[in-house]
Amino acid sequence: MFVDEVIIKVKAGNGGDGCTAFRREKYIPDGGPFGGNGGKGSSIIFKTDEGLRTLLDLRYNKLIKAPKGANGQGKNKNGRGAEDVIIKVPLGTTVKDMDTGLIIADLTKKGDEVVVAKGGRGGRGNTAFATATNPAPNFSENGEPGEEKTLKVELRLLADVGFVGMPSVGKSTILSKISASKPKIAAYHFTTLNPNLGVVRTVDGRTFVAADLPGLIKGASLGEGLGDKFLKHIERTRVIAHILDMSGLEGRNPLDDYEVINKELKDFNEKIMDKPQIVIANKMDLDGSKENLNRFKEKYNVPIYEISAITNTGLDEVLVALADELEKQEERPLFEEDNFESHVLYKFKKEQPFTITRDNDIYVVKGEKIEKLFKMTKFTDEGTVRFARKLRAMGIDDKLLEMGAKYGDKVQIMDLIFEFKE
C-alpha cells in the first residue's frame with residue numbers, strides 16, 4: 001500500500017526525577033545532601049532509510065511515545081538517560097509542526113536525521129541545590145517534560161523528471177519501455193493508482209530518475225480524480241514531461257488536454273509552472289496524430305518530441321533531451337528558509353512569558369515557562385517556597401496586584417489552586 005501522508009502525535013520522554021537524600025554514614029558528621037540527578041528523557045528522531053518507499057509504518061503508529069529517563073538515587077547516583085527513539089522514513093519526507101505551521105525538516109539525503117521531539121532534561125537532586133547559605137536543601141526537582149507535538153508527515157517522491165498527463169496517454173507504457181519499472185498497464189482509465197519510479201539510462205550513458213504520476217483530470221487541484229493526492233509529488237521534480245495522446249483516441253482534443261493539465265498544475269502551485277517542460281506527443285503511429293500535431297504546433301511554440309511508446313519510436317531522442325535539460329537545472333530546496341522552524345529566532349520574540357486572566361473569583365496564570373516550572377516542582381515545604389520565589393522573580397506577583405488582586409484571593413496554575421500571599 002502506498003501511503004504518502006499521515007498525521008501523528010509524538011511525545012518525547014520526560015527527564016528522570018531528582019532525588020532528595022542525605023549522607024548518614026557513621027563517623028561522617030553533618031553528612032549533607034546526597035541525592036543524584038535524574039537521567040535525560042528519550043528524544044524522538046526521524047532518519048532517512050533508502051529502503052523505504054512509503055509512510056505505511058507511520059499510518060498504523062499514530063502515537064509515538066518515548067521512555068523517560070531513570071530517576072536519581074541516593075549516594076549521588078545519577079539516573080541513566082533513556083535511549084533515543086529512531087523512526088525510519090523514506091527519502092523525500094517532509095515533517096511539519098501542525099501547531100505552528102512551520103516545517104521542522106525536509107529529509108532528502110541519505111542519513112538525514114532530525115529531532116522532532118526533544119526529551120526533557122533530568123531533574124536535579126538536592127546535592128545540586130546546596131549553597132553556602134543553604135548547605136542541606138531538603139528538596140529536588142521533577143524531570144523536565146518531554147516535548148509533545150502533532151506532526152504532519154508527507155512524502156514527496158525524489159524524481160528528476162515527472163510524467164504528467166491525462167489518463168491513458170501512455171505514461172506507464174513509456175516508463176516501462178525506458179526503465180526496469182513494471183507499472184500496471186491496462187486499457188482503462190486510472191490504471192495507475194500509485195506513483196511509480198524508474199531509473200532511466202540514455203544512449204550516451206547518462207542516468208536520471210523518472211516518476212509516472214497517476215492521471216490528472218480537470219479539477220484535480222480541487223480534489224477530482226486522483227490529482228489532489230499526487231500533484232505534490234510534481235513539486236520536487238526538476239523537469240516536467242507533459243505527455244499527450246496526439247491521436248485523440250480517447251475522444252479528447254490533445255490541445256484541450258494540454259491547457260487543462262497546465263491549469264491544474266498552476267492552480268495547485270504556481271511555482272510548478274517555473275519548471276522547464278518538455279511536451280511528448282505519444283501514439284504518433286495512429287491515424288489523425290499528424291493532423292493534431294500540426295494544429296498543436298501552430299498554436300504553441302514549445303519543445304515537442306514525437307514518439308510511439310508501443311513501437312519504441314523516438315524514445316531515445318526524448319530521453320537525451322530530458323537529460324540535457326536536467327544538466328541545465330540546479331537543485332533548489334522545496335521550501336523557503338523562512339518556513340523552517342529552525343530559522344525562527346525565538347529569543348527575539350517580545351512576548352510576555354505568561355498571561356493572567358480572571359475566571360469568576362480565580363486568577364488563572366498560563367504560560368509555557370510557568371507550566372514547565374510547575375511540572376518540575378516537588379511541592380514539599382522548601383520546594384513550595386522556591387516555586388513561590390520563582391514566580392515572584394518572573395513578575396507574577398506584581399502583575400496580580402496591578403490587576404486588582406488582593407492577598408487571600410485564589411490563583412490557579414494548571415490544576416493547582418492556592419492563595420495569593422504576601
# chains A, B, ... in the order shown; residues from 1 in each chain; ligands from 1
>>> select_by_dssp(residues="segment 256-398 of chain A", states="strand (DSSP E)", output="ChimeraX atom specification")
/A:277-282,304-306,355-359,362-366
>>> write_last_selection(atoms="C-alpha atoms", output="short mmCIF file (atom, residue, chain, number, x, y, z; two decimals), in the first residue's frame")
data_model
loop_
_atom_site.label_atom_id
_atom_site.label_comp_id
_atom_site.auth_asym_id
_atom_site.auth_seq_id
_atom_site.Cartn_x
_atom_site.Cartn_y
_atom_site.Cartn_z
CA GLN A 277 8.56 21.46 -19.52
CA ILE A 278 9.02 19.16 -22.48
CA VAL A 279 5.96 18.02 -24.42
CA ILE A 280 5.92 14.41 -25.62
CA ALA A 281 3.48 13.64 -28.42
CA ASN A 282 2.68 9.96 -27.96
CA ILE A 304 7.75 18.87 -28.56
CA TYR A 305 9.01 15.36 -29.38
CA GLU A 306 7.17 12.77 -31.46
CA THR A 355 -0.77 35.52 30.76
CA ILE A 356 -3.21 36.11 33.60
CA THR A 357 -6.97 36.03 33.12
CA ARG A 358 -9.82 36.16 35.60
CA ASP A 359 -12.36 33.36 35.80
CA ILE A 362 -9.99 32.96 40.42
CA TYR A 363 -6.94 34.43 38.68
CA VAL A 364 -5.69 31.91 36.09
CA VAL A 365 -1.98 32.04 35.22
CA LYS A 366 -0.82 30.40 31.99
#
>>> residues_around(residues="Leu107 of chain A", least_positions_apart="3", cutoff="9 Å", atoms="only C-alpha atoms", output="tab-separated table (two decimals) with C-alpha atoms, in the first residue's frame")
chain	number	residue	atom	x	y	z
A	46	PHE	CA	13.33	10.82	12.20
A	47	LYS	CA	16.07	9.34	10.00
A	48	THR	CA	16.02	8.53	6.30
A	89	VAL	CA	11.31	7.36	6.96
A	90	PRO	CA	11.79	7.42	3.16
A	91	LEU	CA	13.94	9.96	1.36
A	92	GLY	CA	11.78	12.93	0.42
A	93	THR	CA	9.92	13.08	3.73
A	94	THR	CA	8.76	16.47	5.00
A	95	VAL	CA	7.87	16.98	8.66
A	110	LYS	CA	20.90	9.51	2.76
A	111	GLY	CA	21.45	9.60	6.52
A	112	ASP	CA	19.49	12.84	7.06
A	113	GLU	CA	18.00	12.98	10.54
A	114	VAL	CA	16.16	15.48	12.71
>>> atom_distance(atom1="atom CA of Ile64 of chain A", atom2="atom CA of Val10 of chain A")
4.8 Å
>>> atom_distance(atom1="atom CA of Thr54 of chain A", atom2="atom CA of Lys118 of chain A")
24.9 Å
>>> residues_around(residues="Lys275 of chain A", least_positions_apart="3", cutoff="10 Å", atoms="only C-alpha atoms", output="list in words")
Ile234, Glu235, Thr237, Arg238, Val239, Ile240, Glu270, Lys271, Ile272, Ile278 and Gln329 of chain A
>>> write_last_selection(atoms="N, CA, C and O atoms", output="PDB file, in the first residue's frame")
ATOM      1  N   ILE A 234       4.909  16.279  -7.895  1.00  0.00           N
ATOM      2  CA  ILE A 234       5.490  17.032  -9.008  1.00  0.00           C
ATOM      3  C   ILE A 234       6.352  18.178  -8.486  1.00  0.00           C
ATOM      4  O   ILE A 234       7.290  18.624  -9.158  1.00  0.00           O
ATOM      5  N   GLU A 235       6.053  18.646  -7.268  1.00  0.00           N
ATOM      6  CA  GLU A 235       6.759  19.816  -6.736  1.00  0.00           C
ATOM      7  C   GLU A 235       8.263  19.585  -6.625  1.00  0.00           C
ATOM      8  O   GLU A 235       9.047  20.524  -6.704  1.00  0.00           O
ATOM      9  N   THR A 237      10.136  17.487  -8.570  1.00  0.00           N
ATOM     10  CA  THR A 237      10.806  17.171  -9.836  1.00  0.00           C
ATOM     11  C   THR A 237      11.460  18.430 -10.411  1.00  0.00           C
ATOM     12  O   THR A 237      11.014  19.554 -10.166  1.00  0.00           O
ATOM     13  N   ARG A 238      12.508  18.222 -11.194  1.00  0.00           N
ATOM     14  CA  ARG A 238      13.207  19.367 -11.787  1.00  0.00           C
ATOM     15  C   ARG A 238      12.736  19.674 -13.205  1.00  0.00           C
ATOM     16  O   ARG A 238      12.843  20.810 -13.664  1.00  0.00           O
ATOM     17  N   VAL A 239      12.227  18.657 -13.890  1.00  0.00           N
ATOM     18  CA  VAL A 239      11.726  18.837 -15.255  1.00  0.00           C
ATOM     19  C   VAL A 239      10.398  18.097 -15.367  1.00  0.00           C
ATOM     20  O   VAL A 239      10.239  16.992 -14.839  1.00  0.00           O
ATOM     21  N   ILE A 240       9.451  18.715 -16.066  1.00  0.00           N
ATOM     22  CA  ILE A 240       8.142  18.090 -16.289  1.00  0.00           C
ATOM     23  C   ILE A 240       8.072  17.584 -17.729  1.00  0.00           C
ATOM     24  O   ILE A 240       8.361  18.326 -18.674  1.00  0.00           O
ATOM     25  N   GLU A 270       1.663  27.650  -8.246  1.00  0.00           N
ATOM     26  CA  GLU A 270       2.143  28.443  -9.395  1.00  0.00           C
ATOM     27  C   GLU A 270       3.627  28.223  -9.673  1.00  0.00           C
ATOM     28  O   GLU A 270       4.085  28.360 -10.815  1.00  0.00           O
ATOM     29  N   LYS A 271       4.387  27.871  -8.651  1.00  0.00           N
ATOM     30  CA  LYS A 271       5.832  27.684  -8.840  1.00  0.00           C
ATOM     31  C   LYS A 271       6.138  26.489  -9.735  1.00  0.00           C
ATOM     32  O   LYS A 271       7.223  26.416 -10.323  1.00  0.00           O
ATOM     33  N   ILE A 272       5.197  25.556  -9.844  1.00  0.00           N
ATOM     34  CA  ILE A 272       5.414  24.406 -10.722  1.00  0.00           C
ATOM     35  C   ILE A 272       5.596  24.874 -12.161  1.00  0.00           C
ATOM     36  O   ILE A 272       6.365  24.283 -12.930  1.00  0.00           O
ATOM     37  N   ILE A 278       8.870  19.725 -21.149  1.00  0.00           N
ATOM     38  CA  ILE A 278       9.020  19.156 -22.485  1.00  0.00           C
ATOM     39  C   ILE A 278       7.741  18.406 -22.826  1.00  0.00           C
ATOM     40  O   ILE A 278       7.234  17.628 -22.018  1.00  0.00           O
ATOM     41  N   GLN A 329      19.609  22.497 -15.043  1.00  0.00           N
ATOM     42  CA  GLN A 329      18.850  22.883 -13.855  1.00  0.00           C
ATOM     43  C   GLN A 329      19.628  22.624 -12.579  1.00  0.00           C
ATOM     44  O   GLN A 329      20.180  21.554 -12.389  1.00  0.00           O
TER      45      GLN A 329
END
>>> atom_distance(atom1="atom CA of Ala136 of chain A", atom2="atom CA of Asn78 of chain A")
18.3 Å
>>> decode(residues="segment 23-53 of chain A", atoms="N, CA and C atoms", output="PDB file, in the first residue's frame")
ATOM      1  N   ARG A  23      23.532  12.110  53.445  1.00  0.00           N
ATOM      2  CA  ARG A  23      24.549  11.166  53.920  1.00  0.00           C
ATOM      3  C   ARG A  23      24.316  10.892  55.412  1.00  0.00           C
ATOM      4  N   ARG A  24      24.301   9.639  55.756  1.00  0.00           N
ATOM      5  CA  ARG A  24      24.063   9.294  57.155  1.00  0.00           C
ATOM      6  C   ARG A  24      25.062   8.218  57.640  1.00  0.00           C
ATOM      7  N   GLU A  25      26.254   8.171  57.041  1.00  0.00           N
ATOM      8  CA  GLU A  25      27.244   7.176  57.438  1.00  0.00           C
ATOM      9  C   GLU A  25      27.837   7.502  58.814  1.00  0.00           C
ATOM     10  N   LYS A  26      28.211   6.442  59.464  1.00  0.00           N
ATOM     11  CA  LYS A  26      28.866   6.586  60.757  1.00  0.00           C
ATOM     12  C   LYS A  26      30.211   7.302  60.587  1.00  0.00           C
ATOM     13  N   TYR A  27      30.570   8.108  61.537  1.00  0.00           N
ATOM     14  CA  TYR A  27      31.825   8.855  61.557  1.00  0.00           C
ATOM     15  C   TYR A  27      31.881   9.984  60.518  1.00  0.00           C
ATOM     16  N   ILE A  28      30.744  10.279  59.865  1.00  0.00           N
ATOM     17  CA  ILE A  28      30.727  11.422  58.933  1.00  0.00           C
ATOM     18  C   ILE A  28      29.673  12.404  59.449  1.00  0.00           C
ATOM     19  N   PRO A  29      30.090  13.288  60.355  1.00  0.00           N
ATOM     20  CA  PRO A  29      29.121  14.250  60.901  1.00  0.00           C
ATOM     21  C   PRO A  29      28.712  15.266  59.833  1.00  0.00           C
ATOM     22  N   ASP A  30      27.489  15.751  59.966  1.00  0.00           N
ATOM     23  CA  ASP A  30      26.983  16.759  59.019  1.00  0.00           C
ATOM     24  C   ASP A  30      27.173  16.279  57.581  1.00  0.00           C
ATOM     25  N   GLY A  31      26.697  15.066  57.311  1.00  0.00           N
ATOM     26  CA  GLY A  31      26.938  14.433  56.009  1.00  0.00           C
ATOM     27  C   GLY A  31      26.494  15.254  54.827  1.00  0.00           C
ATOM     28  N   GLY A  32      25.408  16.003  54.970  1.00  0.00           N
ATOM     29  CA  GLY A  32      24.973  16.873  53.881  1.00  0.00           C
ATOM     30  C   GLY A  32      24.125  16.166  52.844  1.00  0.00           C
ATOM     31  N   PRO A  33      23.714  16.887  51.802  1.00  0.00           N
ATOM     32  CA  PRO A  33      22.836  16.316  50.761  1.00  0.00           C
ATOM     33  C   PRO A  33      23.577  15.270  49.938  1.00  0.00           C
ATOM     34  N   PHE A  34      22.821  14.277  49.481  1.00  0.00           N
ATOM     35  CA  PHE A  34      23.460  13.167  48.775  1.00  0.00           C
ATOM     36  C   PHE A  34      22.556  12.609  47.660  1.00  0.00           C
ATOM     37  N   GLY A  35      21.655  13.435  47.128  1.00  0.00           N
ATOM     38  CA  GLY A  35      20.713  12.968  46.103  1.00  0.00           C
ATOM     39  C   GLY A  35      21.209  13.247  44.698  1.00  0.00           C
ATOM     40  N   GLY A  36      21.122  12.245  43.824  1.00  0.00           N
ATOM     41  CA  GLY A  36      21.606  12.385  42.448  1.00  0.00           C
ATOM     42  C   GLY A  36      20.566  12.974  41.499  1.00  0.00           C
ATOM     43  N   ASN A  37      21.024  13.340  40.321  1.00  0.00           N
ATOM     44  CA  ASN A  37      20.151  13.915  39.294  1.00  0.00           C
ATOM     45  C   ASN A  37      19.453  12.824  38.484  1.00  0.00           C
ATOM     46  N   GLY A  38      18.315  13.166  37.922  1.00  0.00           N
ATOM     47  CA  GLY A  38      17.622  12.243  37.029  1.00  0.00           C
ATOM     48  C   GLY A  38      18.277  12.199  35.666  1.00  0.00           C
ATOM     49  N   GLY A  39      18.006  11.127  34.925  1.00  0.00           N
ATOM     50  CA  GLY A  39      18.570  10.975  33.583  1.00  0.00           C
ATOM     51  C   GLY A  39      17.738  11.700  32.531  1.00  0.00           C
ATOM     52  N   LYS A  40      18.349  11.983  31.402  1.00  0.00           N
ATOM     53  CA  LYS A  40      17.669  12.672  30.294  1.00  0.00           C
ATOM     54  C   LYS A  40      16.607  11.768  29.678  1.00  0.00           C
ATOM     55  N   GLY A  41      15.477  12.366  29.325  1.00  0.00           N
ATOM     56  CA  GLY A  41      14.428  11.628  28.641  1.00  0.00           C
ATOM     57  C   GLY A  41      14.787  11.356  27.189  1.00  0.00           C
ATOM     58  N   SER A  42      14.157  10.378  26.598  1.00  0.00           N
ATOM     59  CA  SER A  42      14.434   9.974  25.222  1.00  0.00           C
ATOM     60  C   SER A  42      13.857  10.980  24.224  1.00  0.00           C
ATOM     61  N   SER A  43      14.665  11.361  23.253  1.00  0.00           N
ATOM     62  CA  SER A  43      14.186  12.190  22.139  1.00  0.00           C
ATOM     63  C   SER A  43      13.674  11.287  21.018  1.00  0.00           C
ATOM     64  N   ILE A  44      12.824  11.850  20.160  1.00  0.00           N
ATOM     65  CA  ILE A  44      12.312  11.114  19.003  1.00  0.00           C
ATOM     66  C   ILE A  44      12.962  11.693  17.752  1.00  0.00           C
ATOM     67  N   ILE A  45      13.616  10.833  16.989  1.00  0.00           N
ATOM     68  CA  ILE A  45      14.403  11.258  15.830  1.00  0.00           C
ATOM     69  C   ILE A  45      13.866  10.581  14.573  1.00  0.00           C
ATOM     70  N   PHE A  46      13.664  11.367  13.513  1.00  0.00           N
ATOM     71  CA  PHE A  46      13.333  10.817  12.196  1.00  0.00           C
ATOM     72  C   PHE A  46      14.626  10.725  11.393  1.00  0.00           C
ATOM     73  N   LYS A  47      14.854   9.559  10.788  1.00  0.00           N
ATOM     74  CA  LYS A  47      16.072   9.338  10.000  1.00  0.00           C
ATOM     75  C   LYS A  47      15.718   8.649   8.695  1.00  0.00           C
ATOM     76  N   THR A  48      16.353   9.078   7.611  1.00  0.00           N
ATOM     77  CA  THR A  48      16.024   8.525   6.301  1.00  0.00           C
ATOM     78  C   THR A  48      16.562   7.111   6.134  1.00  0.00           C
ATOM     79  N   ASP A  49      15.805   6.318   5.381  1.00  0.00           N
ATOM     80  CA  ASP A  49      16.173   4.938   5.060  1.00  0.00           C
ATOM     81  C   ASP A  49      15.903   4.726   3.577  1.00  0.00           C
ATOM     82  N   GLU A  50      16.967   4.451   2.817  1.00  0.00           N
ATOM     83  CA  GLU A  50      16.822   4.311   1.360  1.00  0.00           C
ATOM     84  C   GLU A  50      15.937   3.128   0.966  1.00  0.00           C
ATOM     85  N   GLY A  51      15.745   2.183   1.867  1.00  0.00           N
ATOM     86  CA  GLY A  51      14.937   1.012   1.543  1.00  0.00           C
ATOM     87  C   GLY A  51      13.452   1.232   1.654  1.00  0.00           C
ATOM     88  N   LEU A  52      13.026   2.377   2.194  1.00  0.00           N
ATOM     89  CA  LEU A  52      11.598   2.653   2.361  1.00  0.00           C
ATOM     90  C   LEU A  52      11.070   3.474   1.195  1.00  0.00           C
ATOM     91  N   ARG A  53       9.827   3.198   0.805  1.00  0.00           N
ATOM     92  CA  ARG A  53       9.191   3.924  -0.299  1.00  0.00           C
ATOM     93  C   ARG A  53       7.830   4.490   0.080  1.00  0.00           C
TER      94      ARG A  53
END
